[in-house]
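A.B. asks: Coordinates in upload38.cif, mmCIF, C-alpha atoms, are listed below.
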data_query
loop_
_atom_site.group_PDB
_atom_site.id
_atom_site.type_symbol
_atom_site.label_atom_id
_atom_site.label_comp_id
_atom_site.auth_asym_id
_atom_site.auth_seq_id
_atom_site.Cartn_x
_atom_site.Cartn_y
_atom_site.Cartn_z
ATOM 1 C CA MET T 225 -29.854 -35.190 -113.472
ATOM 2 C CA GLU T 226 -27.580 -35.545 -110.486
ATOM 3 C CA ILE T 227 -29.207 -34.660 -107.172
ATOM 4 C CA MET T 228 -26.919 -32.983 -104.669
ATOM 5 C CA SER T 229 -27.516 -33.848 -101.029
ATOM 6 C CA PRO T 230 -27.291 -31.133 -98.355
ATOM 7 C CA GLN T 231 -23.854 -30.735 -96.791
ATOM 8 C CA THR T 232 -23.170 -30.577 -93.097
ATOM 9 C CA PHE T 233 -20.594 -28.519 -91.222
ATOM 10 C CA GLU T 234 -19.358 -28.661 -87.672
ATOM 11 C CA ASP T 235 -19.848 -25.700 -85.308
ATOM 12 C CA PRO T 236 -16.430 -25.308 -83.591
ATOM 13 C CA SER T 237 -17.968 -23.942 -80.388
ATOM 14 C CA THR T 238 -20.341 -26.856 -79.791
ATOM 15 C CA ASN T 239 -19.020 -29.645 -82.061
ATOM 16 C CA GLU T 240 -22.564 -29.924 -83.392
ATOM 17 C CA GLU T 241 -23.292 -30.485 -87.047
ATOM 18 C CA LEU T 242 -24.951 -27.635 -88.945
ATOM 19 C CA LEU T 243 -27.026 -28.359 -92.024
ATOM 20 C CA GLU T 244 -26.351 -26.164 -95.031
ATOM 21 C CA ASP T 245 -29.441 -24.368 -96.390
ATOM 22 C CA ASP T 246 -30.393 -24.995 -99.995
ATOM 23 C CA ASP T 247 -29.991 -21.326 -100.943
ATOM 24 C CA ASP T 248 -27.110 -20.128 -98.761
ATOM 25 C CA GLU T 249 -24.366 -20.801 -101.333
ATOM 26 C CA GLY T 250 -22.285 -22.671 -98.792
ATOM 27 C CA PHE T 251 -22.336 -20.155 -95.947
ATOM 28 C CA ILE T 252 -23.035 -21.331 -92.416
ATOM 29 C CA SER T 253 -26.125 -19.893 -90.771
ATOM 30 C CA PHE T 254 -25.767 -19.133 -87.070
ATOM 31 C CA ASP T 255 -28.552 -18.461 -84.590
ATOM 32 C CA SER T 256 -29.715 -14.986 -83.574
ATOM 33 C CA SER T 257 -27.310 -14.851 -80.621
ATOM 34 C CA LYS T 258 -24.532 -14.305 -83.165
ATOM 35 C CA ILE T 259 -26.080 -11.024 -84.414
ATOM 36 C CA PRO T 260 -23.777 -8.101 -83.536
ATOM 37 C CA THR T 261 -24.836 -5.245 -81.290
ATOM 38 C CA TYR T 262 -23.429 -1.791 -80.535
ATOM 39 C CA THR T 263 -22.975 -0.599 -76.959
ATOM 40 C CA VAL T 264 -22.271 2.941 -75.754
ATOM 41 C CA MET T 265 -19.725 2.983 -72.937
ATOM 42 C CA LEU T 266 -20.168 6.507 -71.597
ATOM 43 C CA GLU T 267 -21.280 7.773 -68.204
ATOM 44 C CA GLU T 268 -25.031 8.266 -67.939
ATOM 45 C CA ALA T 269 -24.595 11.703 -66.358
ATOM 46 C CA THR T 270 -22.510 12.835 -69.334
ATOM 47 C CA ARG T 271 -25.152 11.632 -71.761
ATOM 48 C CA GLU T 272 -27.932 13.390 -69.877
ATOM 49 C CA LYS T 273 -26.084 16.709 -69.904
ATOM 50 C CA CYS T 274 -25.315 16.520 -73.620
ATOM 51 C CA LYS T 275 -27.279 19.029 -75.703
ATOM 52 C CA THR T 276 -25.120 18.918 -78.829
ATOM 53 C CA ILE T 277 -23.134 16.095 -80.370
ATOM 54 C CA ILE T 278 -20.715 16.638 -83.248
ATOM 55 C CA ILE T 279 -20.257 13.441 -85.255
ATOM 56 C CA CYS T 280 -17.268 13.096 -87.571
ATOM 57 C CA ASP T 281 -17.322 10.511 -90.332
ATOM 58 C CA GLY T 282 -14.042 9.773 -92.085
ATOM 59 C CA ILE T 283 -10.348 10.256 -91.405
ATOM 60 C CA GLU T 284 -10.166 13.885 -92.608
ATOM 61 C CA ALA T 285 -13.192 15.090 -90.621
ATOM 62 C CA THR T 286 -11.907 13.317 -87.516
ATOM 63 C CA ASP T 287 -8.492 14.876 -88.010
ATOM 64 C CA PHE T 288 -10.080 18.342 -88.187
ATOM 65 C CA ALA T 289 -12.155 17.832 -85.047
ATOM 66 C CA LYS T 290 -9.337 16.412 -82.920
ATOM 67 C CA SER T 291 -6.878 19.062 -84.094
ATOM 68 C CA HIS T 292 -8.996 22.233 -84.170
ATOM 69 C CA LEU T 293 -11.994 21.871 -81.839
ATOM 70 C CA PRO T 294 -11.593 22.936 -78.182
ATOM 71 C CA LEU T 295 -11.453 19.461 -76.665
ATOM 72 C CA VAL T 296 -11.030 19.191 -72.904
ATOM 73 C CA GLY T 297 -8.202 16.729 -73.558
ATOM 74 C CA SER T 298 -6.733 14.555 -76.257
ATOM 75 C CA GLN T 299 -7.926 11.354 -74.567
ATOM 76 C CA PRO T 300 -11.478 10.021 -75.132
ATOM 77 C CA ILE T 301 -13.983 9.829 -72.286
ATOM 78 C CA GLY T 302 -16.032 6.989 -73.737
ATOM 79 C CA LYS T 303 -16.526 4.723 -76.703
ATOM 80 C CA LEU T 304 -19.060 2.946 -78.853
ATOM 81 C CA VAL T 305 -18.113 -0.673 -79.414
ATOM 82 C CA LYS T 306 -19.407 -3.453 -81.613
ATOM 83 C CA LYS T 307 -19.997 -6.743 -79.874
ATOM 84 C CA THR T 308 -20.544 -10.096 -81.555
ATOM 85 C CA GLN T 309 -20.566 -13.718 -80.446
ATOM 86 C CA LEU T 310 -18.654 -14.763 -83.552
ATOM 87 C CA ASP T 311 -15.194 -15.976 -82.569
ATOM 88 C CA LYS T 312 -11.931 -16.401 -84.436
ATOM 89 C CA SER T 313 -12.357 -20.126 -84.963
ATOM 90 C CA GLU T 314 -15.562 -19.586 -86.913
ATOM 91 C CA VAL T 315 -13.885 -17.072 -89.197
ATOM 92 C CA GLU T 316 -10.855 -19.290 -89.722
ATOM 93 C CA ILE T 317 -13.101 -22.011 -91.167
ATOM 94 C CA TRP T 318 -13.184 -19.926 -94.342
ATOM 95 C CA GLY T 319 -9.505 -18.962 -94.304
ATOM 96 C CA LEU T 320 -10.225 -15.299 -93.572
ATOM 97 C CA GLN T 321 -8.208 -13.056 -91.278
ATOM 98 C CA TYR T 322 -10.037 -11.987 -88.131
ATOM 99 C CA LYS T 323 -9.558 -8.498 -86.723
ATOM 100 C CA GLU T 324 -11.412 -6.829 -83.883
ATOM 101 C CA PRO T 325 -13.448 -3.829 -85.137
ATOM 102 C CA GLU T 326 -12.152 -0.464 -83.996
ATOM 103 C CA PRO T 327 -14.436 1.469 -81.607
ATOM 104 C CA SER T 328 -15.911 4.902 -82.165
ATOM 105 C CA TRP T 329 -14.701 7.426 -79.586
ATOM 106 C CA PHE T 330 -16.360 10.158 -77.516
ATOM 107 C CA PHE T 331 -14.467 13.306 -76.532
ATOM 108 C CA GLN T 332 -15.537 16.104 -74.198
ATOM 109 C CA ILE T 333 -15.764 19.618 -75.632
ATOM 110 C CA ASN T 334 -17.730 21.109 -72.737
ATOM 111 C CA ASP T 335 -20.457 20.021 -70.330
ATOM 112 C CA GLU T 336 -23.132 20.245 -73.021
ATOM 113 C CA THR T 337 -21.162 19.340 -76.156
ATOM 114 C CA LEU T 338 -19.547 16.044 -77.147
ATOM 115 C CA LEU T 339 -17.548 14.883 -80.125
ATOM 116 C CA CYS T 340 -18.043 11.402 -81.595
ATOM 117 C CA THR T 341 -15.467 10.119 -84.085
ATOM 118 C CA CYS T 342 -16.843 7.247 -86.152
ATOM 119 C CA SER T 343 -14.873 4.041 -86.436
ATOM 120 C CA PRO T 344 -13.194 3.586 -89.835
ATOM 121 C CA THR T 345 -14.126 -0.111 -89.770
ATOM 122 C CA ILE T 346 -17.924 0.248 -89.785
ATOM 123 C CA SER T 347 -19.292 -2.016 -92.500
ATOM 124 C CA SER T 348 -22.194 -1.023 -94.715
ATOM 125 C CA GLU T 349 -24.348 -3.719 -93.097
ATOM 126 C CA ASP T 350 -23.941 -1.957 -89.732
ATOM 127 C CA PHE T 351 -24.783 1.610 -90.771
ATOM 128 C CA SER T 352 -28.401 1.387 -89.600
ATOM 129 C CA LEU T 353 -27.646 -0.303 -86.266
ATOM 130 C CA PHE T 354 -24.730 2.051 -85.586
ATOM 131 C CA THR T 355 -26.699 5.237 -86.220
ATOM 132 C CA LYS T 356 -29.700 4.082 -84.198
ATOM 133 C CA THR T 357 -27.463 3.220 -81.240
ATOM 134 C CA VAL T 358 -25.710 6.595 -81.307
ATOM 135 C CA ILE T 359 -28.858 8.703 -81.536
ATOM 136 C CA THR T 360 -31.060 6.723 -79.136
ATOM 137 C CA SER T 361 -28.342 6.760 -76.445
ATOM 138 C CA PHE T 362 -28.840 10.499 -75.877
ATOM 139 C CA ASN T 363 -31.718 12.811 -75.028
ATOM 140 C CA SER T 364 -34.196 13.499 -77.808
ATOM 141 C CA THR T 365 -33.830 17.245 -77.104
ATOM 142 C CA MET T 366 -30.222 17.393 -78.320
ATOM 143 C CA ALA T 367 -28.982 18.737 -81.652
ATOM 144 C CA VAL T 368 -26.750 16.773 -84.035
ATOM 145 C CA VAL T 369 -24.009 18.239 -86.217
ATOM 146 C CA ILE T 370 -22.175 16.028 -88.737
ATOM 147 C CA LEU T 371 -18.857 16.661 -90.479
ATOM 148 C CA THR T 372 -17.530 14.597 -93.359
ATOM 149 C CA VAL T 373 -15.143 14.868 -96.305
ATOM 150 C CA SER T 374 -15.806 13.381 -99.740
ATOM 151 C CA ALA T 375 -13.618 13.230 -102.834
ATOM 152 C CA ILE T 376 -14.112 16.167 -105.197
ATOM 153 C CA THR T 377 -14.830 13.694 -107.999
ATOM 154 C CA ASN T 378 -18.000 12.677 -106.142
ATOM 155 C CA TYR T 379 -19.533 16.128 -106.597
ATOM 156 C CA LYS T 380 -21.857 16.512 -109.566
ATOM 157 C CA ARG T 381 -23.257 19.646 -111.169
ATOM 158 C CA ASP T 382 -26.790 19.932 -112.506
ATOM 159 C CA ASP T 383 -25.540 19.146 -115.996
ATOM 160 C CA GLN T 384 -24.121 15.839 -114.703
ATOM 161 C CA ALA T 385 -20.540 17.007 -115.283
ATOM 162 C CA THR T 386 -17.928 16.409 -112.620
ATOM 163 C CA CYS T 387 -16.711 19.496 -110.779
ATOM 164 C CA THR T 388 -12.932 19.816 -110.419
ATOM 165 C CA GLU T 389 -12.705 22.966 -108.267
ATOM 166 C CA ALA T 390 -11.806 22.042 -104.711
ATOM 167 C CA PRO T 391 -12.703 22.344 -101.977
ATOM 168 C CA LEU T 392 -16.469 22.775 -102.030
ATOM 169 C CA ILE T 393 -18.469 23.074 -98.794
ATOM 170 C CA ARG T 394 -22.073 21.934 -98.874
ATOM 171 C CA THR T 395 -24.718 21.305 -96.206
ATOM 172 C CA LEU T 396 -27.801 19.142 -95.818
ATOM 173 C CA ALA T 397 -30.285 19.443 -92.949
ATOM 174 C CA ASN T 398 -33.295 17.385 -91.939
ATOM 175 C CA SER T 399 -36.827 18.742 -91.560
ATOM 176 C CA ALA T 400 -36.435 19.370 -87.808
ATOM 177 C CA TYR T 401 -33.519 21.759 -88.295
ATOM 178 C CA ASN T 402 -34.227 25.450 -88.861
ATOM 179 C CA SER T 403 -31.684 26.395 -91.512
ATOM 180 C CA ASN T 404 -30.175 29.875 -91.422
ATOM 181 C CA GLY T 405 -28.918 31.893 -94.378
ATOM 182 C CA PHE T 406 -25.467 30.327 -94.575
ATOM 183 C CA VAL T 407 -26.710 26.735 -94.419
ATOM 184 C CA LYS T 408 -29.402 27.479 -96.996
ATOM 185 C CA ASN T 409 -27.019 29.221 -99.370
ATOM 186 C CA ILE T 410 -24.657 26.247 -99.637
ATOM 187 C CA ARG T 411 -27.256 23.492 -99.541
ATOM 188 C CA LEU T 412 -26.212 20.294 -101.325
ATOM 189 C CA GLU T 413 -27.689 20.358 -104.806
ATOM 190 C CA GLN T 414 -29.243 17.549 -106.777
ATOM 191 C CA PRO T 415 -28.228 15.071 -108.143
ATOM 192 C CA ASN T 416 -25.728 14.796 -105.265
ATOM 193 C CA ILE T 417 -26.635 12.484 -102.392
ATOM 194 C CA LEU T 418 -25.152 11.527 -99.041
ATOM 195 C CA GLU T 419 -24.724 7.887 -98.123
ATOM 196 C CA GLY T 420 -23.484 5.703 -95.286
ATOM 197 C CA VAL T 421 -23.304 6.896 -91.694
ATOM 198 C CA VAL T 422 -24.178 10.509 -92.566
ATOM 199 C CA ALA T 423 -27.371 9.523 -94.375
ATOM 200 C CA GLY T 424 -28.281 7.113 -91.579
ATOM 201 C CA ILE T 425 -27.901 9.747 -88.871
ATOM 202 C CA LEU T 426 -29.960 12.316 -90.770
ATOM 203 C CA THR T 427 -32.688 9.719 -91.340
ATOM 204 C CA VAL T 428 -32.850 8.520 -87.722
ATOM 205 C CA CYS T 429 -32.880 12.116 -86.466
ATOM 206 C CA ASP T 430 -35.648 12.984 -88.925
ATOM 207 C CA ILE T 431 -37.796 10.111 -87.674
ATOM 208 C CA ARG T 432 -37.243 11.147 -84.037
ATOM 209 C CA GLN T 433 -37.642 14.858 -84.852
ATOM 210 C CA ILE T 434 -34.142 15.686 -83.645
ATOM 211 C CA PRO T 435 -32.601 18.686 -85.437
ATOM 212 C CA ALA T 436 -29.597 17.561 -87.456
ATOM 213 C CA VAL T 437 -27.404 19.218 -90.070
ATOM 214 C CA ALA T 438 -24.482 17.800 -92.025
ATOM 215 C CA CYS T 439 -21.565 19.625 -93.619
ATOM 216 C CA VAL T 440 -19.634 17.853 -96.363
ATOM 217 C CA ALA T 441 -16.366 19.145 -97.773
ATOM 218 C CA PHE T 442 -15.680 17.922 -101.287
ATOM 219 C CA SER T 443 -11.905 17.754 -101.299
ATOM 220 C CA SER T 444 -9.089 15.242 -101.595
ATOM 221 C CA THR T 445 -7.193 16.556 -98.551
ATOM 222 C CA LEU T 446 -7.716 18.365 -95.266
ATOM 223 C CA ASP T 447 -6.191 21.683 -96.327
ATOM 224 C CA ALA T 448 -6.576 25.204 -94.951
ATOM 225 C CA ASP T 449 -9.639 25.871 -97.118
ATOM 226 C CA VAL T 450 -11.439 22.826 -95.697
ATOM 227 C CA VAL T 451 -10.538 23.890 -92.159
ATOM 228 C CA ASN T 452 -11.904 27.379 -92.905
ATOM 229 C CA GLY T 453 -15.040 25.886 -94.443
ATOM 230 C CA PHE T 454 -15.787 23.677 -91.442
ATOM 231 C CA THR T 455 -15.020 26.599 -89.112
ATOM 232 C CA THR T 456 -17.401 28.941 -90.938
ATOM 233 C CA PHE T 457 -20.086 26.262 -90.928
ATOM 234 C CA LEU T 458 -19.785 25.557 -87.186
ATOM 235 C CA ARG T 459 -19.897 29.275 -86.414
ATOM 236 C CA SER T 460 -23.113 29.571 -88.402
ATOM 237 C CA VAL T 461 -24.863 26.781 -86.467
ATOM 238 C CA GLU T 462 -26.502 28.078 -83.299
ATOM 239 C CA CYS T 463 -25.464 25.199 -81.044
ATOM 240 C CA THR T 464 -21.773 25.377 -82.054
ATOM 241 C CA GLN T 465 -21.215 29.051 -82.866
ATOM 242 C CA GLN T 466 -19.680 29.779 -79.446
ATOM 243 C CA LEU T 467 -16.941 27.137 -79.781
ATOM 244 C CA LEU T 468 -13.402 28.491 -79.874
ATOM 245 C CA ILE T 469 -12.107 26.796 -83.013
ATOM 246 C CA SER T 470 -8.355 27.010 -83.472
ATOM 247 C CA PRO T 471 -6.972 27.846 -86.944
ATOM 248 C CA THR T 472 -3.890 25.762 -86.099
ATOM 249 C CA ARG T 473 -3.546 22.284 -84.628
ATOM 250 C CA ARG T 474 -4.118 21.934 -80.883
ATOM 251 C CA PHE T 475 -2.594 18.441 -80.697
ATOM 252 C CA PRO T 476 0.104 16.639 -82.707
ATOM 253 C CA ALA T 477 -0.901 15.315 -86.098
ATOM 254 C CA ARG T 478 -2.473 11.878 -86.163
ATOM 255 C CA ASP T 479 -0.152 9.033 -87.062
ATOM 256 C CA LYS T 480 -0.967 7.681 -90.486
ATOM 257 C CA CYS T 481 -1.657 3.972 -90.606
ATOM 258 C CA THR T 482 -1.952 1.686 -93.585
ATOM 259 C CA LYS T 483 -5.256 -0.139 -93.937
ATOM 260 C CA THR T 484 -5.108 -3.679 -95.243
ATOM 261 C CA GLY T 485 -7.733 -5.872 -96.781
ATOM 262 C CA ASN T 486 -8.666 -7.531 -93.495
ATOM 263 C CA LEU T 487 -12.188 -8.704 -92.892
ATOM 264 C CA TYR T 488 -13.825 -6.670 -90.097
ATOM 265 C CA ILE T 489 -16.457 -8.615 -88.165
#
In structure tokens, how does this file's structure come out?

C.D. replies:
Amino acid sequence: MEIMSPQTFEDPSTNEELLEDDDDEGFISFDSSKIPTYTVMLEEATREKCKTIIICDGIEATDFAKSHLPLVGSQPIGKLVKKTQLDKSEVEIWGLQYKEPEPSWFFQINDETLLCTCSPTISSEDFSLFTKTVITSFNSTMAVVILTVSAITNYKRDDQATCTEAPLIRTLANSAYNSNGFVKNIRLEQPNILEGVVAGILTVCDIRQIPAVACVAFSSTLDADVVNGFTTFLRSVECTQQLLISPTRRFPARDKCTKTGNLYI
């Protein structure tokens, strides 16, 4: 039997040799200083005043919020950025394309209400860290409202068949949220589940006893019915029912951009 000796690689930042682990399948292991972190870049006074934060996950939900909610302006007032010590030279060792992760943005709705649009480049490995950073950066007395859009093919009926009628509006609240009639009546049924950022936010809020409720629109597009569904939902939630939601766009439509297969670090 041939015995393979451990391989060594050179760290481009220090020119030091790194020993490959026996079970790492050829990947370089970096020290803990390389672990990414998320940082909220938003004025402390703004965070302290915030009593409600609306979090949008996905392009369609973000498009709705930026186009129909009563934002103070079209420009963000803060951002949530991912920081890592990993540099381009380390990525290029493996022939991968490096691209800076896009930030999540904060917009002002009023003194007590903020909008957070989630970055489209959040990786599944960062869901937990991202959600913890967002929630723990604000007062524990705030309320959290989440908007997201999912493909209609993801909705399942009790008989396991796929539903084809779109759009469908469903809600899911954590134990700290006191659901009213509307939210209860359109509660997300089993066997449907929410994943990713939405699930992470609901979980973190549940642990910290922060009231949180999510609204998911099962649809392939952001059409008038989805806009009406989100509007009805927000008007049924106590902390957002006073918002003046526009039935038409307040700002120009978002420029569509083509996503490539880049690696986001």

A.B. asks: Nearest to T:Val305 among T:Leu468, T:Leu396, T:Ser343, T:Lys290, with distances taken over all atoms listed in the file: which residue is it?

C.D. replies: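 Once distances to T:Val305 are computed over all atoms listed in the file, the minimum belongs to T:Ser343.
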
A.B. asks: With the file shown as input, list the residues that the PyMOL selection byres ((chain T and resi 435-437) around 10) selects, as a ChimeraX atom specification.

C.D. replies: /T:276-278,364-371,395-403,407,422,425-430,432-434,438-439,461

A.B. asks: Give as a list of chain:residue names the residues that the PyMOL selection byres ((chain T and resi 347) around 10) matches when applied to the coordinates above.

C.D. replies: T:Pro325, T:Ser343, T:Pro344, T:Thr345, T:Ile346, T:Ser348, T:Glu349, T:Asp350, T:Phe351, T:Phe354, T:Gly420, T:Val421, T:Leu487, T:Tyr488, T:Ile489

A.B. asks: Choose the residue, out of T:Ser298, T:Arg394, T:Asn378, T:Pro260, that has the smallest atom-to-atom separation from T:Arg411; count only C-alpha atoms.

C.D. replies: T:Arg394

A.B. asks: Output as AutoDock Vina command-line options the centre and edge lengths (Å, one decimal) of the box along x, y and z of the file that holds every listed atom of stretch 294-311 of chain T after adding 5 Å on each side.

C.D. replies:
--center_x -13.6 --center_y 3.5 --center_z -77.9 --size_x 23.8 --size_y 48.9 --size_z 21.3

A.B. asks: Could you please determine the separation between atom CA of T:Phe454 and atom CA of T:Phe288 in Å, to one decimal place?

C.D. replies: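 Spanning atom CA of T:Phe454 to atom CA of T:Phe288 is a straight-line distance of 8.5 Å.
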
A.B. asks: Could you rebuild stretch 351-371 of chain T with N, CA, C and O atoms and give me the result as an mmCIF file, in the coordinates of the input?

C.D. replies:
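For reference, out.cif as written:
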data_model
loop_
_atom_site.group_PDB
_atom_site.id
_atom_site.type_symbol
_atom_site.label_atom_id
_atom_site.label_comp_id
_atom_site.auth_asym_id
_atom_site.auth_seq_id
_atom_site.Cartn_x
_atom_site.Cartn_y
_atom_site.Cartn_z
ATOM 1 N N PHE T 351 -24.477 0.188 -90.788
ATOM 2 C CA PHE T 351 -24.783 1.610 -90.771
ATOM 3 C C PHE T 351 -26.064 1.901 -89.981
ATOM 4 O O PHE T 351 -26.111 2.802 -89.144
ATOM 5 N N SER T 352 -27.119 1.147 -90.250
ATOM 6 C CA SER T 352 -28.401 1.387 -89.600
ATOM 7 C C SER T 352 -28.322 1.158 -88.093
ATOM 8 O O SER T 352 -28.754 1.998 -87.292
ATOM 9 N N LEU T 353 -27.754 0.016 -87.691
ATOM 10 C CA LEU T 353 -27.646 -0.303 -86.266
ATOM 11 C C LEU T 353 -26.751 0.697 -85.555
ATOM 12 O O LEU T 353 -27.047 1.123 -84.435
ATOM 13 N N PHE T 354 -25.658 1.094 -86.188
ATOM 14 C CA PHE T 354 -24.730 2.051 -85.586
ATOM 15 C C PHE T 354 -25.419 3.390 -85.338
ATOM 16 O O PHE T 354 -25.344 3.953 -84.240
ATOM 17 N N THR T 355 -26.080 3.927 -86.353
ATOM 18 C CA THR T 355 -26.699 5.237 -86.220
ATOM 19 C C THR T 355 -27.832 5.233 -85.202
ATOM 20 O O THR T 355 -27.986 6.177 -84.425
ATOM 21 N N LYS T 356 -28.621 4.169 -85.180
ATOM 22 C CA LYS T 356 -29.700 4.082 -84.198
ATOM 23 C C LYS T 356 -29.146 4.057 -82.783
ATOM 24 O O LYS T 356 -29.694 4.691 -81.868
ATOM 25 N N THR T 357 -28.055 3.318 -82.577
ATOM 26 C CA THR T 357 -27.463 3.220 -81.240
ATOM 27 C C THR T 357 -26.947 4.572 -80.781
ATOM 28 O O THR T 357 -27.156 4.982 -79.631
ATOM 29 N N VAL T 358 -26.257 5.289 -81.669
ATOM 30 C CA VAL T 358 -25.710 6.595 -81.307
ATOM 31 C C VAL T 358 -26.825 7.565 -80.912
ATOM 32 O O VAL T 358 -26.780 8.188 -79.842
ATOM 33 N N ILE T 359 -27.823 7.693 -81.752
ATOM 34 C CA ILE T 359 -28.858 8.703 -81.536
ATOM 35 C C ILE T 359 -29.749 8.361 -80.347
ATOM 36 O O ILE T 359 -30.075 9.224 -79.532
ATOM 37 N N THR T 360 -30.141 7.097 -80.213
ATOM 38 C CA THR T 360 -31.060 6.723 -79.136
ATOM 39 C C THR T 360 -30.383 6.660 -77.770
ATOM 40 O O THR T 360 -31.056 6.519 -76.757
ATOM 41 N N SER T 361 -29.058 6.795 -77.722
ATOM 42 C CA SER T 361 -28.342 6.760 -76.445
ATOM 43 C C SER T 361 -28.336 8.120 -75.752
ATOM 44 O O SER T 361 -27.870 8.231 -74.615
ATOM 45 N N PHE T 362 -28.840 9.154 -76.429
ATOM 46 C CA PHE T 362 -28.840 10.499 -75.877
ATOM 47 C C PHE T 362 -30.263 11.044 -75.816
ATOM 48 O O PHE T 362 -31.194 10.464 -76.362
ATOM 49 N N ASN T 363 -30.411 12.186 -75.153
ATOM 50 C CA ASN T 363 -31.718 12.811 -75.028
ATOM 51 C C ASN T 363 -32.253 13.222 -76.392
ATOM 52 O O ASN T 363 -31.494 13.640 -77.276
ATOM 53 N N SER T 364 -33.565 13.139 -76.543
ATOM 54 C CA SER T 364 -34.196 13.499 -77.808
ATOM 55 C C SER T 364 -34.231 15.010 -78.016
ATOM 56 O O SER T 364 -34.628 15.483 -79.085
ATOM 57 N N THR T 365 -33.831 15.788 -76.993
ATOM 58 C CA THR T 365 -33.830 17.245 -77.104
ATOM 59 C C THR T 365 -32.494 17.793 -77.596
ATOM 60 O O THR T 365 -32.318 19.004 -77.720
ATOM 61 N N MET T 366 -31.544 16.920 -77.883
ATOM 62 C CA MET T 366 -30.222 17.393 -78.320
ATOM 63 C C MET T 366 -30.256 17.782 -79.794
ATOM 64 O O MET T 366 -31.224 17.517 -80.516
ATOM 65 N N ALA T 367 -29.174 18.421 -80.242
ATOM 66 C CA ALA T 367 -28.982 18.737 -81.652
ATOM 67 C C ALA T 367 -27.779 17.951 -82.162
ATOM 68 O O ALA T 367 -26.845 17.670 -81.412
ATOM 69 N N VAL T 368 -27.803 17.589 -83.443
ATOM 70 C CA VAL T 368 -26.750 16.773 -84.035
ATOM 71 C C VAL T 368 -26.109 17.529 -85.189
ATOM 72 O O VAL T 368 -26.802 18.040 -86.074
ATOM 73 N N VAL T 369 -24.784 17.598 -85.153
ATOM 74 C CA VAL T 369 -24.009 18.239 -86.217
ATOM 75 C C VAL T 369 -23.037 17.197 -86.774
ATOM 76 O O VAL T 369 -22.354 16.508 -86.012
ATOM 77 N N ILE T 370 -22.983 17.065 -88.095
ATOM 78 C CA ILE T 370 -22.175 16.028 -88.737
ATOM 79 C C ILE T 370 -21.160 16.681 -89.665
ATOM 80 O O ILE T 370 -21.495 17.587 -90.437
ATOM 81 N N LEU T 371 -19.923 16.204 -89.585
ATOM 82 C CA LEU T 371 -18.857 16.661 -90.479
ATOM 83 C C LEU T 371 -18.315 15.473 -91.253
ATOM 84 O O LEU T 371 -18.073 14.407 -90.689
#
